[in-house]
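Structure below is target23.txt: compact mmCIF, C-alpha atoms and all ligand atoms.
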# COMPACT_ATOMS: atom_id res chain seq x y z
CA MET A 1 119.71 97.62 78.16
CA HIS A 2 119.04 98.56 74.59
CA SER A 3 118.69 101.89 72.86
CA ILE A 4 115.20 102.98 71.96
CA GLN A 5 114.62 105.65 69.32
CA TYR A 6 110.88 106.15 69.65
CA LEU A 7 107.86 105.07 71.66
CA ASP A 8 104.93 103.29 70.10
CA ILE A 9 102.07 105.36 71.44
CA GLN A 10 98.75 103.93 70.29
CA GLU A 11 95.41 105.71 70.09
CA ASN A 12 91.91 104.69 71.26
CA ILE A 13 92.82 101.38 72.86
CA SER A 14 90.16 99.37 74.72
CA LEU A 15 91.27 98.67 78.29
CA LYS A 16 88.89 95.71 78.66
CA SER A 17 91.71 93.15 78.76
CA TYR A 18 93.88 95.43 80.94
CA ASN A 19 91.57 95.56 83.99
CA THR A 20 90.21 92.59 85.94
CA PHE A 21 86.72 94.13 86.20
CA HIS A 22 86.74 93.81 82.36
CA LEU A 23 85.36 97.32 82.02
CA ASP A 24 85.36 98.44 78.43
CA SER A 25 86.88 101.90 78.87
CA VAL A 26 88.95 103.35 76.07
CA ALA A 27 92.34 104.96 76.60
CA LYS A 28 92.84 107.97 74.36
CA TYR A 29 96.55 107.10 74.27
CA PHE A 30 98.30 103.90 75.37
CA VAL A 31 101.95 102.87 75.62
CA GLU A 32 103.75 99.77 76.89
CA ILE A 33 107.08 100.37 78.62
CA THR A 34 109.45 97.40 78.50
CA ASP A 35 112.71 98.97 79.65
CA THR A 36 113.67 101.79 81.98
CA VAL A 37 115.68 103.42 79.16
CA GLU A 38 112.32 104.35 77.62
CA LEU A 39 111.32 106.50 80.57
CA PRO A 40 113.28 109.69 79.72
CA LEU A 41 111.83 109.42 76.21
CA LEU A 42 108.35 109.10 77.67
CA LEU A 43 108.74 112.27 79.71
CA GLU A 44 109.75 114.21 76.59
CA HIS A 45 106.83 112.93 74.55
CA GLU A 46 104.09 115.44 73.75
CA ARG A 47 101.35 112.90 74.60
CA PHE A 48 102.82 112.64 78.09
CA LYS A 49 103.28 116.36 78.51
CA GLU A 50 99.91 117.41 77.15
CA GLY A 51 97.55 115.60 79.52
CA LYS A 52 96.98 113.24 82.40
CA HIS A 53 98.53 109.81 82.67
CA LEU A 54 97.95 106.54 84.52
CA VAL A 55 100.48 103.77 85.22
CA ILE A 56 99.01 100.27 85.31
CA GLY A 57 100.32 96.80 86.04
CA GLY A 58 97.74 93.98 85.95
CA GLY A 59 94.75 96.31 86.40
CA SER A 60 93.50 94.18 89.32
CA ASN A 61 92.96 97.02 91.76
CA ILE A 62 91.44 99.76 89.61
CA LEU A 63 87.89 100.86 88.84
CA LEU A 64 87.67 102.66 85.51
CA ILE A 65 84.66 104.87 86.07
CA SER A 66 84.33 106.74 82.83
CA GLU A 67 84.10 105.16 79.41
CA VAL A 68 87.04 107.17 78.09
CA PHE A 69 90.34 107.76 79.86
CA ASP A 70 91.23 111.11 78.38
CA GLY A 71 94.99 110.79 78.65
CA LEU A 72 97.90 108.36 78.39
CA VAL A 73 97.80 104.90 79.98
CA ILE A 74 101.31 103.57 80.65
CA LYS A 75 101.37 99.76 80.92
CA ASN A 76 104.41 98.65 82.87
CA ASN A 77 105.97 95.63 81.14
CA ILE A 78 109.51 95.96 82.50
CA THR A 79 110.49 92.38 83.31
CA GLY A 80 113.42 90.44 84.75
CA LYS A 81 114.76 89.40 88.13
CA MET A 82 118.17 88.89 89.68
CA ILE A 83 119.76 87.97 92.98
CA GLU A 84 121.20 91.22 94.26
CA LYS A 85 123.11 89.59 97.11
CA GLU A 86 122.90 86.61 99.41
CA ASP A 87 124.35 85.24 102.59
CA GLU A 88 123.86 82.01 104.50
CA ASP A 89 120.38 82.95 105.70
CA HIS A 90 118.92 85.35 103.19
CA VAL A 91 118.62 86.18 99.54
CA TRP A 92 117.87 89.67 98.26
CA LEU A 93 115.86 89.29 95.07
CA LYS A 94 115.50 92.31 92.82
CA ILE A 95 112.40 92.01 90.62
CA GLN A 96 111.40 94.33 87.79
CA ALA A 97 107.98 95.87 88.27
CA GLY A 98 106.23 94.26 85.29
CA GLU A 99 106.78 90.70 86.55
CA ILE A 100 103.59 88.83 87.52
CA TRP A 101 103.40 88.67 91.31
CA HIS A 102 102.11 85.09 91.59
CA GLU A 103 104.82 83.81 89.21
CA VAL A 104 107.44 85.38 91.48
CA VAL A 105 105.85 83.69 94.52
CA THR A 106 105.96 80.33 92.70
CA TYR A 107 109.62 80.90 91.69
CA CYS A 108 110.60 81.68 95.29
CA VAL A 109 108.74 78.65 96.68
CA GLU A 110 110.44 76.42 94.10
CA ASN A 111 113.82 77.76 95.21
CA GLY A 112 112.97 77.21 98.87
CA TRP A 113 113.05 80.94 99.67
CA GLY A 114 110.44 81.75 102.26
CA GLY A 115 108.50 84.89 103.08
CA ILE A 116 105.86 85.39 100.39
CA GLU A 117 104.21 81.94 100.14
CA ASN A 118 101.16 83.26 102.09
CA LEU A 119 100.75 85.89 99.35
CA ALA A 120 100.25 83.30 96.60
CA LEU A 121 97.62 83.89 93.91
CA ILE A 122 97.28 87.64 94.48
CA PRO A 123 96.76 88.98 90.94
CA GLY A 124 98.74 91.83 89.45
CA CYS A 125 102.34 92.88 89.00
CA VAL A 126 105.27 93.31 91.34
CA GLY A 127 105.35 97.11 90.89
CA ALA A 128 101.94 97.55 92.50
CA ALA A 129 102.69 95.30 95.49
CA PRO A 130 104.20 98.03 97.71
CA ILE A 131 101.54 100.58 96.77
CA GLN A 132 98.87 99.10 99.02
CA ASN A 133 101.27 96.85 100.94
CA ILE A 134 99.52 93.72 99.65
CA GLY A 135 98.52 91.35 102.37
CA ALA A 136 96.83 88.01 102.94
CA TYR A 137 96.74 85.11 105.38
CA GLY A 138 98.81 86.77 108.10
CA VAL A 139 101.58 88.25 105.93
CA GLU A 140 102.05 91.68 104.36
CA LEU A 141 104.56 92.80 101.76
CA LYS A 142 106.25 95.01 104.38
CA ASP A 143 107.45 91.82 106.16
CA VAL A 144 109.84 91.04 103.29
CA PHE A 145 110.23 94.42 101.63
CA GLU A 146 113.79 95.73 101.32
CA SER A 147 113.40 98.59 98.81
CA ALA A 148 111.73 99.89 95.66
CA GLU A 149 113.11 101.99 92.84
CA PHE A 150 110.86 104.89 91.90
CA PHE A 151 111.30 107.00 88.79
CA ASN A 152 109.84 110.41 89.55
CA PHE A 153 108.03 112.01 86.61
CA GLU A 154 108.28 115.50 88.11
CA ASP A 155 111.97 115.87 88.87
CA HIS A 156 113.17 113.05 86.55
CA THR A 157 115.11 111.38 89.36
CA ASN A 158 115.40 107.70 90.13
CA LYS A 159 115.24 107.16 93.87
CA THR A 160 115.48 104.06 96.03
CA TYR A 161 112.92 103.91 98.85
CA HIS A 162 113.75 101.68 101.79
CA SER A 163 111.27 100.25 104.31
CA ASN A 164 111.57 103.19 106.65
CA ASP A 165 110.78 105.70 103.89
CA VAL A 166 107.67 103.96 102.66
CA LYS A 167 105.30 104.42 105.67
CA PHE A 168 103.62 101.05 105.25
CA GLY A 169 100.26 100.58 106.93
CA TYR A 170 97.26 98.32 106.43
CA ARG A 171 96.69 98.52 102.63
CA ASP A 172 98.67 101.75 102.69
CA SER A 173 102.01 103.36 101.86
CA ILE A 174 103.55 106.64 100.76
CA PHE A 175 102.81 105.61 97.15
CA LYS A 176 99.08 106.09 97.82
CA HIS A 177 99.61 109.57 99.23
CA LYS A 178 102.59 111.88 98.66
CA LEU A 179 103.85 109.94 95.64
CA LYS A 180 100.46 109.05 94.11
CA GLY A 181 100.56 109.65 90.35
CA LYS A 182 104.02 111.22 90.64
CA GLY A 183 106.02 108.45 88.99
CA ILE A 184 106.53 104.77 88.38
CA ILE A 185 107.90 101.99 90.55
CA THR A 186 110.39 100.21 88.29
CA SER A 187 111.65 97.45 90.60
CA VAL A 188 111.16 95.95 94.04
CA THR A 189 113.78 94.14 96.13
CA LEU A 190 112.63 91.51 98.63
CA LYS A 191 114.62 89.95 101.45
CA LEU A 192 113.74 86.26 101.56
CA ASP A 193 114.59 83.53 104.00
CA LYS A 194 116.76 80.56 103.04
CA GLN A 195 115.84 78.74 106.24
CA PRO A 196 112.20 79.70 106.33
CA ALA A 197 109.82 79.23 109.22
CA VAL A 198 106.24 78.82 108.04
CA ASN A 199 103.44 81.15 109.10
CA THR A 200 100.26 79.14 109.62
CA ALA A 201 98.71 81.36 112.28
CA TYR A 202 95.83 82.37 110.04
CA GLY A 203 93.06 79.92 111.03
CA ALA A 204 92.06 78.49 107.69
CA ILE A 205 95.64 77.52 106.74
CA GLN A 206 96.02 75.29 109.79
CA GLU A 207 92.63 73.70 109.08
CA VAL A 208 93.65 72.78 105.52
CA LEU A 209 97.00 71.38 106.71
CA ASN A 210 95.23 69.32 109.40
CA LEU A 211 92.78 67.95 106.85
CA ARG A 212 95.72 66.85 104.71
CA GLY A 213 97.50 65.28 107.66
CA ILE A 214 100.50 67.60 107.27
CA ASP A 215 101.94 68.19 110.74
CA ARG A 216 105.33 69.56 109.73
CA PRO A 217 104.48 71.96 106.91
CA VAL A 218 107.10 73.50 104.65
CA ILE A 219 106.57 76.65 102.58
CA LYS A 220 105.28 74.64 99.62
CA ASP A 221 102.48 73.22 101.80
CA VAL A 222 101.46 76.71 102.94
CA TYR A 223 101.59 77.94 99.33
CA HIS A 224 99.22 75.16 98.20
CA ALA A 225 96.92 75.64 101.20
CA VAL A 226 96.61 79.37 100.46
CA ILE A 227 95.88 78.69 96.79
CA ASP A 228 93.12 76.24 97.74
CA ILE A 229 91.51 78.55 100.30
CA ARG A 230 91.59 81.53 97.94
CA SER A 231 90.21 79.53 95.00
CA SER A 232 87.26 78.37 97.12
CA LYS A 233 85.95 81.85 97.89
CA LEU A 234 87.43 84.46 95.58
CA PRO A 235 86.20 84.58 91.97
CA ASP A 236 88.82 84.01 89.28
CA PRO A 237 89.02 87.29 87.32
CA LYS A 238 89.40 85.26 84.11
CA GLU A 239 85.84 84.02 84.66
CA ILE A 240 84.11 86.79 86.63
CA GLY A 241 85.22 90.42 86.54
CA ASN A 242 86.30 91.65 89.99
CA ALA A 243 89.08 93.46 91.83
CA GLY A 244 89.29 91.41 95.04
CA SER A 245 88.14 93.19 98.21
CA PHE A 246 86.38 96.33 97.11
CA PHE A 247 86.58 97.99 100.54
CA LYS A 248 89.13 97.90 103.35
CA ASN A 249 88.20 96.25 106.62
CA PRO A 250 87.36 99.10 109.01
CA GLU A 251 89.66 99.56 111.99
CA LEU A 252 87.44 100.80 114.80
CA PRO A 253 88.14 102.26 118.24
CA ASN A 254 87.21 99.75 120.96
CA ASP A 255 84.13 101.66 122.17
CA ILE A 256 82.56 101.81 118.69
CA ALA A 257 83.31 98.12 118.10
CA GLU A 258 81.79 97.22 121.49
CA GLU A 259 78.52 98.91 120.50
CA ILE A 260 78.38 96.64 117.46
CA PHE A 261 79.18 93.53 119.54
CA PHE A 262 76.39 94.49 121.95
CA THR A 263 73.77 94.11 119.21
CA HIS A 264 75.71 91.46 117.24
CA PRO A 265 77.53 89.28 119.78
CA ASN A 266 78.69 86.83 117.12
CA ALA A 267 80.34 89.42 114.88
CA PRO A 268 83.80 88.28 113.69
CA ARG A 269 86.68 90.48 114.88
CA TYR A 270 90.47 90.85 114.91
CA THR A 271 92.38 92.78 117.54
CA VAL A 272 94.71 95.29 115.86
CA ASP A 273 96.17 96.78 119.06
CA GLU A 274 94.89 97.64 122.54
CA HIS A 275 92.78 100.53 121.19
CA THR A 276 91.60 99.16 117.86
CA ILE A 277 89.52 96.27 116.54
CA LYS A 278 89.02 95.29 112.91
CA ILE A 279 85.55 94.06 111.94
CA PRO A 280 85.41 92.37 108.53
CA ALA A 281 83.61 94.60 106.03
CA GLY A 282 82.42 91.46 104.19
CA TRP A 283 80.47 90.43 107.30
CA MET A 284 78.86 93.88 107.62
CA ILE A 285 77.89 93.92 103.95
CA GLU A 286 76.37 90.45 104.27
CA GLN A 287 74.43 91.56 107.37
CA CYS A 288 72.96 94.37 105.26
CA GLY A 289 71.60 91.76 102.85
CA TRP A 290 73.86 92.45 99.86
CA LYS A 291 75.55 89.08 99.46
CA GLY A 292 74.65 87.59 96.06
CA PHE A 293 72.76 90.76 95.01
CA MET A 294 72.75 91.35 91.23
CA ASP A 295 71.52 94.30 89.18
CA GLY A 296 72.01 93.29 85.57
CA ASP A 297 75.66 92.26 85.23
CA ILE A 298 76.85 94.17 88.30
CA GLY A 299 76.61 92.77 91.79
CA VAL A 300 78.07 91.32 94.99
CA HIS A 301 79.82 87.95 94.92
CA ASP A 302 77.71 85.17 96.43
CA LYS A 303 80.62 83.60 98.34
CA GLN A 304 82.34 86.80 99.57
CA ALA A 305 80.33 89.96 100.07
CA LEU A 306 83.43 92.17 100.06
CA VAL A 307 83.95 91.41 96.37
CA LEU A 308 81.94 93.35 93.77
CA VAL A 309 81.56 91.66 90.41
CA ASN A 310 80.96 92.44 86.76
CA LYS A 311 79.56 89.34 85.04
CA GLY A 312 79.47 90.84 81.56
CA LYS A 313 78.72 94.26 80.20
CA GLY A 314 78.57 96.23 83.45
CA ARG A 315 79.97 99.75 83.50
CA GLY A 316 82.30 101.42 85.97
CA GLU A 317 79.70 104.02 86.82
CA GLN A 318 77.25 101.29 87.87
CA LEU A 319 79.89 99.74 90.13
CA GLU A 320 80.55 103.13 91.66
CA GLN A 321 76.82 103.59 92.33
CA LEU A 322 76.49 100.11 93.86
CA ALA A 323 79.52 100.78 96.08
CA GLN A 324 77.86 104.00 97.25
CA LYS A 325 74.60 102.17 98.11
CA ILE A 326 76.55 99.55 100.07
CA GLN A 327 78.43 102.28 101.95
CA ASN A 328 75.12 103.98 102.79
CA SER A 329 73.51 100.85 104.17
CA VAL A 330 76.57 99.89 106.25
CA MET A 331 76.59 103.44 107.62
CA GLU A 332 72.89 103.22 108.44
CA LYS A 333 73.08 99.79 110.13
CA PHE A 334 76.45 99.99 111.89
CA GLY A 335 77.42 103.69 111.85
CA VAL A 336 80.65 102.70 110.08
CA LYS A 337 82.12 104.37 107.00
CA LEU A 338 83.60 101.87 104.55
CA THR A 339 86.63 103.12 102.60
CA PRO A 340 87.29 101.67 99.14
CA GLU A 341 90.46 99.65 98.70
CA VAL A 342 90.14 99.78 94.91
CA ASN A 343 91.67 102.81 93.15
CA PHE A 344 89.02 104.87 91.35
CA VAL A 345 90.23 106.21 88.00
P1 LIG A 401 96.92 97.93 89.11
O1 LIG A 401 95.49 97.57 89.34
O2 LIG A 401 97.38 97.93 87.70
O3 LIG A 401 97.26 99.29 89.79
C1 LIG A 401 96.86 99.57 91.12
C2 LIG A 401 97.30 100.98 91.49
O4 LIG A 401 98.72 101.08 91.48
C3 LIG A 401 96.85 102.05 90.49
O5 LIG A 401 96.60 103.22 91.21
C4 LIG A 401 98.04 102.22 89.56
O6 LIG A 401 98.08 103.51 88.99
C5 LIG A 401 99.20 102.00 90.50
N1 LIG A 401 100.37 101.34 89.89
C6 LIG A 401 100.43 100.09 89.38
N2 LIG A 401 101.70 99.78 89.03
C7 LIG A 401 102.45 100.85 89.31
C8 LIG A 401 103.85 101.15 89.18
N3 LIG A 401 104.72 100.28 88.67
N4 LIG A 401 104.30 102.36 89.59
C9 LIG A 401 103.43 103.28 90.10
N5 LIG A 401 102.11 103.06 90.25
C10 LIG A 401 101.62 101.86 89.86
N6 LIG A 401 95.27 92.60 97.26
C11 LIG A 401 95.78 92.28 98.47
O7 LIG A 401 96.48 93.10 99.08
N7 LIG A 401 95.54 91.08 99.04
C12 LIG A 401 94.80 90.13 98.45
O8 LIG A 401 94.60 89.06 98.99
C13 LIG A 401 94.23 90.43 97.17
N8 LIG A 401 93.46 89.52 96.54
C14 LIG A 401 92.92 89.82 95.33
C15 LIG A 401 92.13 88.86 94.70
C16 LIG A 401 91.56 89.11 93.45
C17 LIG A 401 90.72 88.04 92.79
C18 LIG A 401 91.79 90.36 92.82
C19 LIG A 401 91.22 90.63 91.47
C20 LIG A 401 92.58 91.34 93.45
C21 LIG A 401 93.15 91.07 94.71
N9 LIG A 401 93.94 92.01 95.39
C22 LIG A 401 94.49 91.70 96.60
C23 LIG A 401 94.15 93.36 94.82
C24 LIG A 401 95.29 93.42 93.78
O9 LIG A 401 95.58 92.16 93.26
C25 LIG A 401 96.58 94.03 94.36
O10 LIG A 401 96.31 95.31 94.85
C26 LIG A 401 97.71 94.10 93.34
O11 LIG A 401 98.89 94.49 93.97
C27 LIG A 401 97.41 95.07 92.21
O12 LIG A 401 98.39 94.91 91.21
P2 LIG A 401 98.19 95.40 89.74
O13 LIG A 401 99.47 95.27 89.04
O14 LIG A 401 97.02 94.72 89.12
O15 LIG A 401 97.86 96.94 89.98
N1 LIG A 402 82.68 87.23 106.12
C1 LIG A 402 81.31 87.12 106.16
N2 LIG A 402 80.62 87.25 104.99
C2 LIG A 402 81.23 87.47 103.80
C3 LIG A 402 82.65 87.59 103.76
C4 LIG A 402 83.36 87.47 104.94
O1 LIG A 402 80.72 86.93 107.22
O2 LIG A 402 80.53 87.53 102.78
C5 LIG A 402 83.45 87.02 107.34
C6 LIG A 402 84.10 85.63 107.31
O3 LIG A 402 83.26 84.67 107.80
C7 LIG A 402 85.32 85.82 108.14
C8 LIG A 402 85.67 87.27 107.95
O4 LIG A 402 84.53 87.92 107.42
O5 LIG A 402 84.99 85.63 109.51
C9 LIG A 402 86.90 87.50 107.10
O6 LIG A 402 86.69 87.01 105.79
P1 LIG A 402 87.92 86.52 104.87
O7 LIG A 402 88.76 85.58 105.62
O8 LIG A 402 87.33 86.06 103.59
O9 LIG A 402 88.80 87.80 104.66
P2 LIG A 402 88.47 89.34 104.42
O10 LIG A 402 88.66 90.07 105.69
O11 LIG A 402 87.15 89.51 103.74
C10 LIG A 402 90.93 90.02 103.88
C11 LIG A 402 91.62 90.81 102.82
C12 LIG A 402 91.84 89.95 101.60
C13 LIG A 402 92.73 88.77 101.98
C14 LIG A 402 92.01 87.97 103.07
C15 LIG A 402 92.87 86.85 103.60
C16 LIG A 402 91.05 93.13 103.13
C17 LIG A 402 90.24 94.29 102.65
N3 LIG A 402 90.85 91.99 102.49
O12 LIG A 402 89.63 89.71 103.39
O13 LIG A 402 92.52 90.73 100.61
O14 LIG A 402 92.98 87.94 100.87
O15 LIG A 402 91.69 88.84 104.18
O16 LIG A 402 93.91 87.36 104.38
O17 LIG A 402 91.83 93.28 104.05
C18 LIG A 402 92.15 92.19 98.78
O18 LIG A 402 92.75 93.04 99.43
O19 LIG A 402 91.73 92.40 97.61
C19 LIG A 402 91.92 90.88 99.37
C20 LIG A 402 91.26 89.91 98.74
Give the structure from the file, written as structure tokens.
Amino acid sequence: MHSIQYLDIQENISLKSYNTFHLDSVAKYFVEITDTVELPLLLEHERFKEGKHLVIGGGSNILLISEVFDGLVIKNNITGKMIEKEDEDHVWLKIQAGEIWHEVVTYCVENGWGGIENLALIPGCVGAAPIQNIGAYGVELKDVFESAEFFNFEDHTNKTYHSNDVKFGYRDSIFKHKLKGKGIITSVTLKLDKQPAVNTAYGAIQEVLNLRGIDRPVIKDVYHAVIDIRSSKLPDPKEIGNAGSFFKNPELPNDIAEEIFFTHPNAPRYTVDEHTIKIPAGWMIEQCGWKGFMDGDIGVHDKQALVLVNKGKGRGEQLEQLAQKIQNSVMEKFGVKLTPEVNFV
């Protein structure tokens, strides 16, 4: 902790390097927060009080629609991590919200702490991980989540939210609803396994391990397999602007899903529970002919139709319009409403 006298609030800052779509929106005001002691100061600042505000981490799950964000963008750069407690089987790692998620995954794998190796290479910061309950390759954040500290902008309190309070769902949590825009997650504590069992249930992981002749995988093997699979189909935001899956995979009641399987018997599917089936949105979008589509710099990734891309000077508004057209054609062909995963700003 150190004492901070003032905040360096900048004006008219381009957000191009702060969002993975590389959209060139301008923030009217912009501030980087590096320590929680700055937060009370922030709340007292006239730039905070006078207008709207947006907290960002890595900007890998936002779509900046307008060319000017007429308010204050708060970039969370609070870093650091510590072991909160440990016993023979587990370690509770408290991580400040501005830490890079993938670097934390790598650190845990190097220490032999299991639980998040399947979530390797997900862009962004730790603070955003609980917001949509990040998930990939058979694991979700909720599986290792212990708690998150949340500084509430409205009542100026700092509250710890435990698993039961957070209402995790598929790409969902209380932070996307009741607490949306109400404050800032400052840290996340994960409960990791010191004697980890690997999770290779997700098809492609086992295939990669088989190809490499690894029959007794450890977490490092899973970590590398996930990195390889992801790199082969998802565009690297450093090279092509994107925000990962643009839409969520729809969870459909059995009878609606069966109608789709009747006309498309080979449709991929995942059983969610006895009443619900998930059909991959990427498959539906491909069936509608969008895969590889480009309109100027904006389009649909040619290896993964669920990923919208900006290959240069595209604008947020164009991405919003393309998303709308894709939603319309999926509705027309399958009668299914696609819901965006990306947060529209
Ligand atoms: P941002 O984009 O900065 O913010 C996202 C939202 O959270 C915004 O609404 C923002 O206001 C809010 N927010 C951010 N930080 C805080 C905070 N500290 N306190 C309060 N609110 C905050 N996601 C998956 O779940 N699984 C994947 O496999 C996956 N793969 C991806 C692959 C690629 C190539 C890309 C580009 C994205 C992928 N994503 C995936 C989406 C994204 O990486 C995650 O949602 C990630 O957690 C976003 O982190 P961020 O720091 O970039 O959040
Ligand atoms: N598919 C197609 N065409 C496509 C894309 C996918 O037919 O263009 C089919 C595939 O053949 C496969 C199925 O759809 O049968 C699923 O595809 P994939 O394994 O690529 O995963 P996804 O369902 O598209 C989800 C998550 C990803 C996560 C992966 C791996 C959502 C919205 N997306 O994608 O998360 O990394 O599974 O677990 O749930 C993200 O949230 O940003 C994200 C990338």
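Reported to one decimal place, the separation of CA of Arg171 in chain A from CA of Gly71 in chain A is 27.0 Å.
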Near Lys180 in chain A, within 10 Å and counting all atoms listed in the file, which residues show up once chain neighbours fewer than 6 positions away are dropped, as a PDB file with C-alpha atoms, in the coordinates of the input?
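And here is the file that came out, part_17.pdb:
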ATOM      1  CA  ILE A 131     101.540 100.580  96.770  1.00  0.00           C
ATOM      2  CA  SER A 173     102.010 103.360 101.860  1.00  0.00           C
ATOM      3  CA  ILE A 174     103.550 106.640 100.760  1.00  0.00           C
TER       4      ILE A 174
END
Within 9 Å of range 139-142 of chain A, counting only C-alpha atoms, which residues show up once you throw out same-chain ones fewer than 3 positions away? Write them as a PyMOL selection string, please.
chain A and resi 115-119+129-130+132-136+145-146+163+168-171+190+199
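Distances to Asp193 in chain A were evaluated for A:Leu93, A:Ile62, A:Ala120, A:Ala243 using all atoms listed in the file, and the minimum falls at A:Leu93.
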For CA of Glu11 in chain A and atom O9 of ligand LIG 401 (chain A), quote the distance in Å rounded to one decimal.
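Computing the Euclidean distance for CA of Glu11 in chain A and atom O9 of ligand LIG 401 (chain A) yields 26.8 Å.
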As lines of an AutoDock Vina configuration file, please report the centre and edge lengths, rounded to one decimal in Å, of the axis-aligned box that holds all listed atoms of ligand LIG 401 (chain A) with 8 Å of padding on each of the six sides.
center_x = 97.7
center_y = 95.8
center_z = 93.4
size_x = 30.0
size_y = 31.5
size_z = 27.4
Would you mind telling me which residue in A:Phe261, A:Trp92, A:Trp290, A:Phe48 lies nearest to ligand LIG 402 (chain A) when using only C-alpha atoms and all ligand atoms?
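So, comparing all the options, the nearest one is A:Trp290.
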Residues contacting ligand LIG 402 (chain A) - anything with an atom at most 6 Å away, using all atoms listed in the file - can you give me those as an MDAnalysis selection string?
chainID A and resid 136:137 244:245 247:249 268 280 282:283 286 303:306
Could you state the separation of CA of Val222 in chain A and CA of Asn111 in chain A in Å, given to one decimal place?
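Between CA of Val222 in chain A and CA of Asn111 in chain A the gap works out to 14.6 Å.
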So that I can see what lies close to Ile229 in chain A, please list as a ChimeraX atom specification the residues with an atom at most 12 Å from it, counting all atoms listed in the file and leaving out residues fewer than 2 positions away in the same chain.
/A:118-121,136-137,202-209,222-227,231-235
Selected residues written out, C-alpha atoms, as a JSON list (two decimals), keeping the file's coordinate frame:
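again.json written:
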[["chain", "number", "residue", "atom", "x", "y", "z"],
["A", 118, "ASN", "CA", 101.16, 83.26, 102.09],
["A", 119, "LEU", "CA", 100.75, 85.89, 99.35],
["A", 120, "ALA", "CA", 100.25, 83.30, 96.60],
["A", 121, "LEU", "CA", 97.62, 83.89, 93.91],
["A", 136, "ALA", "CA", 96.83, 88.01, 102.94],
["A", 137, "TYR", "CA", 96.74, 85.11, 105.38],
["A", 202, "TYR", "CA", 95.83, 82.37, 110.04],
["A", 203, "GLY", "CA", 93.06, 79.92, 111.03],
["A", 204, "ALA", "CA", 92.06, 78.49, 107.69],
["A", 205, "ILE", "CA", 95.64, 77.52, 106.74],
["A", 206, "GLN", "CA", 96.02, 75.29, 109.79],
["A", 207, "GLU", "CA", 92.63, 73.70, 109.08],
["A", 208, "VAL", "CA", 93.65, 72.78, 105.52],
["A", 209, "LEU", "CA", 97.00, 71.38, 106.71],
["A", 222, "VAL", "CA", 101.46, 76.71, 102.94],
["A", 223, "TYR", "CA", 101.59, 77.94, 99.33],
["A", 224, "HIS", "CA", 99.22, 75.16, 98.20],
["A", 225, "ALA", "CA", 96.92, 75.64, 101.20],
["A", 226, "VAL", "CA", 96.61, 79.37, 100.46],
["A", 227, "ILE", "CA", 95.88, 78.69, 96.79],
["A", 231, "SER", "CA", 90.21, 79.53, 95.00],
["A", 232, "SER", "CA", 87.26, 78.37, 97.12],
["A", 233, "LYS", "CA", 85.95, 81.85, 97.89],
["A", 234, "LEU", "CA", 87.43, 84.46, 95.58],
["A", 235, "PRO", "CA", 86.20, 84.58, 91.97]]
Which of these residues is nearest to ligand LIG 401 (chain A), using all atoms listed in the file: A:Asp24, A:Asp172, A:Glu86, A:Glu332?
A:Asp172
Restricting the calculation to all atoms listed in the file: of A:Ala128, A:Lys49, A:Leu252, A:Glu317, which residue gets closest to Val345 in chain A?
A:Glu317
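When all atoms listed in the file are used to measure the gap to ligand LIG 401 (chain A), the shortest distance among A:Asp215, A:Glu44, A:Glu67, A:Glu239 belongs to A:Glu239.
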Would you please work out which residue, of A:Asn343, A:Thr189, A:Ser25, A:Asn210, is nearest to ligand LIG 401 (chain A) when using only C-alpha atoms and all ligand atoms?
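The shortest atom-to-atom distance to ligand LIG 401 (chain A) comes from A:Asn343.
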Pick out the residues sitting within 10 Å of Ile100 in chain A, and hand them over as a list in words; count only C-alpha atoms, and ignore anything fewer than 3 positions along from it in its own chain.
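These residues fall inside the cut-off: Gly57, Gly58, Asn77, Thr79, Ile95, Gln96, Ala97, Glu103, Val104, Val105, Ile122, Pro123, Gly124, Cys125, Val126 and Gly127 of chain A.
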